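Peer 1: For reference, the file coords.pdb (PDB, C-alpha atoms, pLDDT in the B column) is included below:
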ATOM      1  CA  MET A   7      23.961  -5.858  -2.974  1.00 81.00           C
ATOM      2  CA  LEU A   8      25.278  -7.284  -6.208  1.00 88.00           C
ATOM      3  CA  ILE A   9      26.166 -10.815  -7.299  1.00 87.00           C
ATOM      4  CA  ALA A  10      29.088 -11.489  -9.652  1.00 90.00           C
ATOM      5  CA  PHE A  11      28.973 -14.867 -11.365  1.00 88.00           C
ATOM      6  CA  ALA A  12      30.265 -16.105 -14.721  1.00 89.00           C
ATOM      7  CA  GLY A  13      31.392 -12.644 -15.790  1.00 91.00           C
ATOM      8  CA  ARG A  14      28.053 -10.957 -15.135  1.00 91.00           C
ATOM      9  CA  VAL A  15      27.112  -8.631 -12.269  1.00 92.00           C
ATOM     10  CA  LEU A  16      23.458  -8.974 -11.252  1.00 90.00           C
ATOM     11  CA  PRO A  17      21.285  -7.204  -8.675  1.00 86.00           C
ATOM     12  CA  ALA A  18      20.613  -9.538  -5.723  1.00 84.00           C
ATOM     13  CA  ARG A  19      16.930  -8.581  -5.758  1.00 81.00           C
ATOM     14  CA  GLY A  20      15.180 -11.062  -8.010  1.00 81.00           C
ATOM     15  CA  THR A  21      18.278 -13.074  -8.895  1.00 85.00           C
ATOM     16  CA  ARG A  22      18.087 -16.825  -8.529  1.00 82.00           C
ATOM     17  CA  LYS A  23      19.573 -19.967  -9.956  1.00 84.00           C
ATOM     18  CA  VAL A  24      17.948 -20.458 -13.358  1.00 82.00           C
ATOM     19  CA  HIS A  25      19.858 -23.482 -14.616  1.00 85.00           C
ATOM     20  CA  THR A  26      21.049 -26.548 -12.739  1.00 87.00           C
ATOM     21  CA  ALA A  27      24.446 -26.933 -14.396  1.00 88.00           C
ATOM     22  CA  ALA A  28      25.224 -24.070 -16.798  1.00 88.00           C
ATOM     23  CA  LEU A  29      28.228 -21.849 -16.110  1.00 87.00           C
ATOM     24  CA  ALA A  30      25.942 -18.800 -16.262  1.00 85.00           C
ATOM     25  CA  ALA A  31      23.478 -20.499 -13.909  1.00 85.00           C
ATOM     26  CA  PHE A  32      22.138 -17.351 -12.232  1.00 86.00           C
ATOM     27  CA  GLY A  33      19.804 -14.749 -13.694  1.00 83.00           C
ATOM     28  CA  SER A  34      17.191 -12.224 -12.725  1.00 77.00           C
ATOM     29  CA  VAL A  35      13.648 -13.482 -12.746  1.00 70.00           C
ATOM     30  CA  ILE A  36      12.128 -10.007 -12.616  1.00 66.00           C
ATOM     31  CA  GLY A  37      13.475  -8.942 -15.968  1.00 62.00           C
ATOM     32  CA  ALA A  38      16.333  -6.838 -14.610  1.00 64.00           C
ATOM     33  CA  ALA A  39      19.352  -7.081 -16.860  1.00 76.00           C
ATOM     34  CA  ALA A  40      22.908  -7.466 -15.679  1.00 87.00           C
ATOM     35  CA  VAL A  41      24.192  -4.234 -14.142  1.00 89.00           C
ATOM     36  CA  GLY A  42      27.795  -4.867 -15.015  1.00 91.00           C
ATOM     37  CA  GLU A  43      30.413  -7.331 -16.113  1.00 93.00           C
ATOM     38  CA  VAL A  44      33.753  -8.733 -15.070  1.00 94.00           C
ATOM     39  CA  VAL A  45      36.355  -8.794 -17.845  1.00 93.00           C
ATOM     40  CA  ASP A  46      39.991  -9.757 -17.339  1.00 93.00           C
ATOM     41  CA  GLY A  47      39.618  -9.338 -13.576  1.00 90.00           C
ATOM     42  CA  SER A  48      38.154  -5.830 -13.788  1.00 93.00           C
ATOM     43  CA  VAL A  49      34.603  -5.000 -12.731  1.00 94.00           C
ATOM     44  CA  ALA A  50      32.626  -2.528 -14.812  1.00 94.00           C
ATOM     45  CA  ILE A  51      29.276  -1.396 -13.382  1.00 93.00           C
ATOM     46  CA  THR A  52      27.031  -0.114 -16.174  1.00 91.00           C
ATOM     47  CA  ALA A  53      23.742   0.507 -14.339  1.00 87.00           C
ATOM     48  CA  THR A  54      22.436   1.022 -10.822  1.00 84.00           C
ATOM     49  CA  PRO A  55      19.529  -1.123  -9.670  1.00 78.00           C
ATOM     50  CA  ARG A  56      16.702   0.431  -7.658  1.00 75.00           C
ATOM     51  CA  ARG A  57      17.567   0.240  -3.965  1.00 78.00           C
ATOM     52  CA  PRO A  58      14.906   0.856  -1.343  1.00 83.00           C
ATOM     53  CA  ASN A  59      15.977   1.728   2.190  1.00 85.00           C
ATOM     54  CA  PRO A  60      17.796  -1.173   3.819  1.00 86.00           C
ATOM     55  CA  LEU A  61      15.753  -3.627   5.818  1.00 86.00           C
ATOM     56  CA  PRO A  62      16.495  -3.873   9.524  1.00 86.00           C
ATOM     57  CA  ARG A  63      18.904  -6.573  10.616  1.00 91.00           C
ATOM     58  CA  PRO A  64      17.231  -9.793  11.708  1.00 94.00           C
ATOM     59  CA  SER A  65      16.628 -10.000  15.431  1.00 91.00           C
ATOM     60  CA  SER A  66      16.783 -13.178  17.483  1.00 92.00           C
ATOM     61  CA  THR A  67      13.067 -13.727  16.802  1.00 94.00           C
ATOM     62  CA  PHE A  68      13.769 -14.205  13.087  1.00 95.00           C
ATOM     63  CA  ASP A  69      15.107 -17.712  13.645  1.00 95.00           C
ATOM     64  CA  HIS A  70      11.772 -18.722  15.164  1.00 96.00           C
ATOM     65  CA  THR A  71       9.435 -16.951  12.736  1.00 97.00           C
ATOM     66  CA  ARG A  72       7.926 -19.567  10.486  1.00 98.00           C
ATOM     67  CA  VAL A  73       6.722 -18.587   7.017  1.00 98.00           C
ATOM     68  CA  ASP A  74       5.929 -21.425   4.633  1.00 98.00           C
ATOM     69  CA  LEU A  75       5.810 -21.493   0.848  1.00 98.00           C
ATOM     70  CA  VAL A  76       2.885 -23.425  -0.642  1.00 98.00           C
ATOM     71  CA  GLU A  77       2.860 -24.043  -4.395  1.00 97.00           C
ATOM     72  CA  MET A  78      -0.398 -24.358  -6.276  1.00 97.00           C
ATOM     73  CA  TYR A  79      -1.112 -27.084  -8.812  1.00 95.00           C
ATOM     74  CA  PRO A  80      -4.241 -28.456 -10.488  1.00 93.00           C
ATOM     75  CA  GLY A  81      -6.339 -30.094  -7.791  1.00 94.00           C
ATOM     76  CA  ALA A  82      -4.607 -28.384  -4.851  1.00 96.00           C
ATOM     77  CA  ASP A  83      -6.645 -27.940  -1.701  1.00 96.00           C
ATOM     78  CA  GLY A  84      -6.044 -26.137   1.582  1.00 96.00           C
ATOM     79  CA  ALA A  85      -4.397 -29.101   3.347  1.00 98.00           C
ATOM     80  CA  LEU A  86      -0.806 -27.855   2.983  1.00 98.00           C
ATOM     81  CA  MET A  87      -1.791 -24.361   4.112  1.00 98.00           C
ATOM     82  CA  ARG A  88      -3.615 -25.759   7.167  1.00 98.00           C
ATOM     83  CA  ALA A  89      -0.622 -27.990   7.940  1.00 98.00           C
ATOM     84  CA  ALA A  90       1.690 -24.964   7.776  1.00 98.00           C
ATOM     85  CA  VAL A  91      -0.462 -23.070  10.265  1.00 98.00           C
ATOM     86  CA  ALA A  92      -0.755 -26.132  12.511  1.00 98.00           C
ATOM     87  CA  ALA A  93       3.061 -26.311  12.498  1.00 98.00           C
ATOM     88  CA  GLY A  94       3.244 -22.696  13.689  1.00 98.00           C
ATOM     89  CA  ALA A  95       3.464 -20.621  10.507  1.00 98.00           C
ATOM     90  CA  ARG A  96       2.715 -16.925  11.047  1.00 97.00           C
ATOM     91  CA  GLY A  97       2.768 -16.387   7.297  1.00 97.00           C
ATOM     92  CA  ILE A  98       2.257 -18.241   4.036  1.00 98.00           C
ATOM     93  CA  VAL A  99       3.411 -17.337   0.566  1.00 98.00           C
ATOM     94  CA  VAL A 100       1.048 -18.863  -1.986  1.00 98.00           C
ATOM     95  CA  ALA A 101       2.937 -19.545  -5.228  1.00 97.00           C
ATOM     96  CA  GLY A 102       0.027 -19.546  -7.633  1.00 97.00           C
ATOM     97  CA  THR A 103      -0.122 -20.820 -11.153  1.00 96.00           C
ATOM     98  CA  GLY A 104       0.255 -18.340 -13.993  1.00 95.00           C
ATOM     99  CA  ILE A 105      -0.430 -14.755 -12.985  1.00 95.00           C
ATOM    100  CA  GLY A 106      -1.203 -15.878  -9.403  1.00 95.00           C
ATOM    101  CA  ASN A 107      -4.096 -18.323  -9.512  1.00 96.00           C
ATOM    102  CA  ALA A 108      -5.384 -21.107  -7.296  1.00 96.00           C
ATOM    103  CA  ASN A 109      -8.926 -22.512  -7.050  1.00 97.00           C
ATOM    104  CA  PRO A 110     -12.044 -21.844  -4.944  1.00 97.00           C
ATOM    105  CA  VAL A 111     -11.046 -24.360  -2.226  1.00 97.00           C
ATOM    106  CA  VAL A 112      -7.660 -22.671  -1.762  1.00 98.00           C
ATOM    107  CA  VAL A 113      -9.303 -19.227  -1.759  1.00 98.00           C
ATOM    108  CA  ASP A 114     -11.601 -20.340   1.076  1.00 97.00           C
ATOM    109  CA  ALA A 115      -8.647 -21.721   3.051  1.00 97.00           C
ATOM    110  CA  ALA A 116      -6.625 -18.541   2.485  1.00 97.00           C
ATOM    111  CA  ARG A 117      -9.570 -16.350   3.521  1.00 97.00           C
ATOM    112  CA  ALA A 118      -9.911 -18.356   6.760  1.00 97.00           C
ATOM    113  CA  MET A 119      -6.173 -18.010   7.448  1.00 96.00           C
ATOM    114  CA  VAL A 120      -6.278 -14.233   7.011  1.00 96.00           C
ATOM    115  CA  ALA A 121      -9.330 -14.046   9.305  1.00 96.00           C
ATOM    116  CA  GLY A 122      -7.399 -16.146  11.833  1.00 96.00           C
ATOM    117  CA  GLY A 123      -4.457 -13.739  11.882  1.00 96.00           C
ATOM    118  CA  VAL A 124      -2.060 -15.424   9.458  1.00 97.00           C
ATOM    119  CA  ALA A 125      -0.279 -13.245   6.907  1.00 97.00           C
ATOM    120  CA  VAL A 126      -0.897 -14.668   3.422  1.00 97.00           C
ATOM    121  CA  VAL A 127       0.817 -13.182   0.357  1.00 97.00           C
ATOM    122  CA  LEU A 128       0.331 -14.163  -3.291  1.00 97.00           C
ATOM    123  CA  SER A 129       3.227 -14.928  -5.623  1.00 96.00           C
ATOM    124  CA  THR A 130       3.657 -17.187  -8.654  1.00 94.00           C
ATOM    125  CA  ARG A 131       5.531 -20.327  -9.658  1.00 93.00           C
ATOM    126  CA  VAL A 132       6.367 -18.675 -12.991  1.00 89.00           C
ATOM    127  CA  PRO A 133       9.860 -17.138 -13.272  1.00 83.00           C
ATOM    128  CA  GLU A 134       8.858 -13.874 -14.960  1.00 81.00           C
ATOM    129  CA  GLY A 135       5.850 -11.599 -15.252  1.00 85.00           C
ATOM    130  CA  PRO A 136       3.412  -9.873 -12.938  1.00 90.00           C
ATOM    131  CA  VAL A 137       1.244 -11.325 -10.201  1.00 94.00           C
ATOM    132  CA  ALA A 138      -2.210  -9.777 -10.255  1.00 93.00           C
ATOM    133  CA  GLY A 139      -5.828 -10.369  -9.431  1.00 93.00           C
ATOM    134  CA  VAL A 140      -7.099 -10.995 -12.947  1.00 95.00           C
ATOM    135  CA  TYR A 141      -9.133 -14.210 -13.019  1.00 95.00           C
ATOM    136  CA  GLY A 142     -12.054 -15.297 -10.854  1.00 94.00           C
ATOM    137  CA  ASP A 143     -13.328 -18.777  -9.968  1.00 95.00           C
ATOM    138  CA  GLY A 144     -10.446 -19.280  -7.548  1.00 94.00           C
ATOM    139  CA  GLY A 145      -7.991 -17.127  -9.438  1.00 94.00           C
ATOM    140  CA  GLY A 146      -5.941 -14.186  -8.300  1.00 95.00           C
ATOM    141  CA  ALA A 147      -8.938 -11.833  -8.348  1.00 97.00           C
ATOM    142  CA  ASP A 148     -10.632 -13.957  -5.687  1.00 97.00           C
ATOM    143  CA  LEU A 149      -7.460 -14.200  -3.607  1.00 97.00           C
ATOM    144  CA  VAL A 150      -6.940 -10.433  -3.716  1.00 96.00           C
ATOM    145  CA  ALA A 151     -10.615  -9.891  -2.834  1.00 96.00           C
ATOM    146  CA  ALA A 152     -10.066 -12.202   0.162  1.00 95.00           C
ATOM    147  CA  GLY A 153      -7.413  -9.809   1.473  1.00 94.00           C
ATOM    148  CA  ILE A 154      -4.303 -11.461   0.085  1.00 96.00           C
ATOM    149  CA  PRO A 155      -1.900  -8.948  -1.464  1.00 96.00           C
ATOM    150  CA  ALA A 156      -0.122  -9.845  -4.714  1.00 96.00           C
ATOM    151  CA  ALA A 157       3.643  -9.338  -5.012  1.00 95.00           C
ATOM    152  CA  SER A 158       5.347  -9.260  -8.422  1.00 89.00           C
ATOM    153  CA  GLY A 159       8.934  -8.191  -7.925  1.00 83.00           C
ATOM    154  CA  LEU A 160      10.523 -11.105  -6.090  1.00 89.00           C
ATOM    155  CA  PRO A 161      10.606 -14.850  -6.618  1.00 91.00           C
ATOM    156  CA  ALA A 162       8.402 -16.684  -4.114  1.00 94.00           C
ATOM    157  CA  THR A 163      11.460 -17.921  -2.213  1.00 94.00           C
ATOM    158  CA  GLN A 164      12.796 -14.388  -1.692  1.00 93.00           C
ATOM    159  CA  LEU A 165       9.299 -13.149  -0.837  1.00 95.00           C
ATOM    160  CA  ARG A 166       9.127 -15.844   1.863  1.00 97.00           C
ATOM    161  CA  MET A 167      12.339 -14.523   3.426  1.00 95.00           C
ATOM    162  CA  LEU A 168      11.104 -10.929   3.246  1.00 95.00           C
ATOM    163  CA  LEU A 169       7.803 -11.840   4.907  1.00 96.00           C
ATOM    164  CA  ALA A 170       9.609 -13.825   7.633  1.00 97.00           C
ATOM    165  CA  LEU A 171      11.902 -10.874   8.367  1.00 95.00           C
ATOM    166  CA  TRP A 172       8.931  -8.516   8.447  1.00 95.00           C
ATOM    167  CA  LEU A 173       6.835 -10.749  10.710  1.00 96.00           C
ATOM    168  CA  SER A 174       9.761 -11.295  13.081  1.00 96.00           C
ATOM    169  CA  GLN A 175       9.700  -7.558  13.842  1.00 93.00           C
ATOM    170  CA  HIS A 176       6.070  -6.497  13.329  1.00 91.00           C
ATOM    171  CA  GLU A 177       2.568  -7.495  14.246  1.00 89.00           C
ATOM    172  CA  ILE A 178       0.401  -8.735  11.409  1.00 88.00           C
ATOM    173  CA  ASP A 179      -1.236  -5.682   9.852  1.00 87.00           C
ATOM    174  CA  SER A 180      -2.533  -6.023   6.299  1.00 87.00           C
ATOM    175  CA  SER A 181      -1.963  -2.369   5.384  1.00 91.00           C
ATOM    176  CA  GLU A 182       1.636  -2.502   6.659  1.00 93.00           C
ATOM    177  CA  ILE A 183       2.247  -5.737   4.737  1.00 93.00           C
ATOM    178  CA  ARG A 184       0.911  -4.069   1.587  1.00 92.00           C
ATOM    179  CA  SER A 185       3.276  -1.132   2.181  1.00 93.00           C
ATOM    180  CA  MET A 186       6.192  -3.514   2.717  1.00 92.00           C
ATOM    181  CA  ILE A 187       5.364  -5.264  -0.570  1.00 92.00           C
ATOM    182  CA  ALA A 188       5.093  -1.925  -2.388  1.00 90.00           C
ATOM    183  CA  CYS A 189       8.534  -0.927  -1.116  1.00 89.00           C
ATOM    184  CA  TYR A 190      10.509  -4.156  -1.357  1.00 88.00           C
ATOM    185  CA  ALA A 191       8.646  -6.677  -3.483  1.00 85.00           C
ATOM    186  CA  ASP A 192       6.856  -4.939  -6.332  1.00 78.00           C
ATOM    187  CA  ASP A 193       8.430  -4.851  -9.758  1.00 59.00           C
ATOM    188  CA  LYS A 194       9.078  -1.165 -10.395  1.00 50.00           C
ATOM    189  CA  GLU A 195      11.883  -1.853 -12.853  1.00 43.00           C
ATOM    190  CA  GLY A 196      10.037  -3.741 -15.554  1.00 40.00           C
TER     191      GLY A 196
END
Output the structure of this file as structure tokens.

Peer 2:
Amino acid sequence: MLIAFAGRVLPARGTRKVHTAALAAFGSVIGAAAVGEVVDGSVAITATPRRPNPLPRPSSTFDHTRVDLVEMYPGADGALMRAAVAAGARGIVVAGTGIGNANPVVVDAARAMVAGGVAVVLSTRVPEGPVAGVYGDGGGADLVAAGIPAASGLPATQLRMLLALWLSQHEIDSSEIRSMIACYADDKEG
């Protein structure tokens, strides 16, 4: 799927609104360049983005599969994650700071959620760059060690939709979620 806006053709994967009011308000946050342009009403495609096999169509269970997005910030605790689970979330996307960091309190909450059968996936609030288990003391290294896979190739909002679609059609299985991330959400272009 491609998006044409303001004369540029962008891959849908990783594209999001990057400016509130600019004419060219959409861009890729995974570093993928435009794959074409529209000039004088003609479309010219200059590159082909990587396209994994299509995802299955959403079933009726998709509308009732709750996956929440919880952003990290200095001083965050596990309250929002616990509230998401109490509200019925089957999955949580943690949008960490920087390369995918939180703090020890959030790591403990995330570990408990995974042990309780909730799918937790690590992303970042930052528009570009990898998500990886690099830092300890509540950082991404501790989250990954707690069983939370890191996903680099989609913005947190798109990752939330991917996880919801996946969970609406599959049981929670950490190895299958890792495979899904490797196929659809890891940055293999940049």

Peer 1: Written as a ChimeraX atom specification, what is the full residue list that the PyMOL selection byres ((chain A and resi 19-23) around 8) yields on the file shown?

Peer 2: /A:16-18,24-26,31-36,38,159-161,164

Peer 1: Select, from A:Leu128, A:Leu171, A:Leu86, A:Ala30, the residue with the minimum atom-to-atom distance to Asn107 of chain A, counting all atoms listed in the file.

Peer 2: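 That would be A:Leu128, the residue with the smallest distance to Asn107 of chain A.
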
Peer 1: Given only C-alpha atoms as the basis, pick out the residue of A:Val15, A:Ile105, A:Ala28, A:Met167 nearest to Tyr141 of chain A.

Peer 2: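 Under the stated criterion, the closest residue is A:Ile105.
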
Peer 1: On this structure, the PyMOL selection byres ((chain A and resi 103) around 8) would catch which residues? List them as an MDAnalysis selection string, sorted by chain and number.

Peer 2: chainID A and resid 78:79 101:102 104:108 130:132

Peer 1: Quick one: distance from atom CA of Arg88 of chain A to atom CA of Asp74 of chain A in Å, one decimal?

Peer 2: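 Those two atoms sit 10.8 Å apart.
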
Peer 1: List, as a list in words, every residue that the PyMOL selection byres ((chain A and resi 83) around 8) selects in the file provided.

Peer 2: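 This file gives the following for the PyMOL selection byres ((chain A and resi 83) around 8): Gly81, Ala82, Gly84, Ala85, Leu86, Asn109, Val111 and Val112 of chain A.
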
Peer 1: Counting only C-alpha atoms, which residue out of A:Val140, A:Met7, A:Ala27, A:Ala118 sits closest to Pro58 of chain A?

Peer 2: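 Distance minimum relative to Pro58 of chain A lands on A:Met7.
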
Peer 1: Return as AutoDock Vina command-line options the centre and edge lengths, in Å with one decimal, of the box along x, y and z that encloses every atom of segment 35-51 of chain A in the file, padded by 8 Å per side.

Peer 2:
--center_x 26.1 --center_y -7.4 --center_z -15.2 --size_x 43.9 --size_y 28.1 --size_z 21.2

Peer 1: How many Å lie between atom CA of Pro64 of chain A and atom CA of Ala170 of chain A, rounded to one decimal?

Peer 2: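 One can read the atom CA of Pro64 of chain A to atom CA of Ala170 of chain A distance as 9.5 Å.
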
Peer 1: Just checking: using all atoms listed in the file, which residue out of A:Ala162, A:Cys189, A:Leu29, A:Ala93 ends up closest to Pro60 of chain A?

Peer 2: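 Residue with the minimum atom-to-atom distance to Pro60 of chain A: A:Cys189.
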
Peer 1: Atom CA of Leu75 of chain A to atom CA of Phe11 of chain A: how many Å, to one decimal?

Peer 2: 27.0 Å

Peer 1: Closest to Arg166 of chain A among A:Ala116, A:Leu149, A:Val99, A:Ala53, using only C-alpha atoms?

Peer 2: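 Looking only at the distances to Arg166 of chain A, the closest residue turns out to be A:Val99.
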
Peer 1: Show which residues sit within 8 Å of Val124 of chain A, as a compact mmCIF listing (two decimals) with C-alpha atoms, in the coordinates of the input. Count all atoms listed in the file, and ignore same-chain residues fewer than 6 positions away.

Peer 2:
# COMPACT_ATOMS: atom_id res chain seq x y z
CA VAL A 91 -0.46 -23.07 10.26
CA ALA A 95 3.46 -20.62 10.51
CA ARG A 96 2.72 -16.92 11.05
CA GLY A 97 2.77 -16.39 7.30
CA ILE A 98 2.26 -18.24 4.04
CA ILE A 178 0.40 -8.74 11.41

Peer 1: If we draw a sphere of 12 Å around (-0.2, -6.1, 2.1), which residues have at least one atom in it when counting only C-alpha atoms? Please report them as number ranges by chain.

Peer 2: A: 97, 99, 120, 125-128, 150, 152-157, 169, 172, 178-192

Peer 1: Using all atoms listed in the file, can you list as a list of chain:residue names the residues within 7 Å of (34.6, -15.0, -15.9)?

Peer 2: A:Ala12, A:Gly13, A:Val44, A:Val45
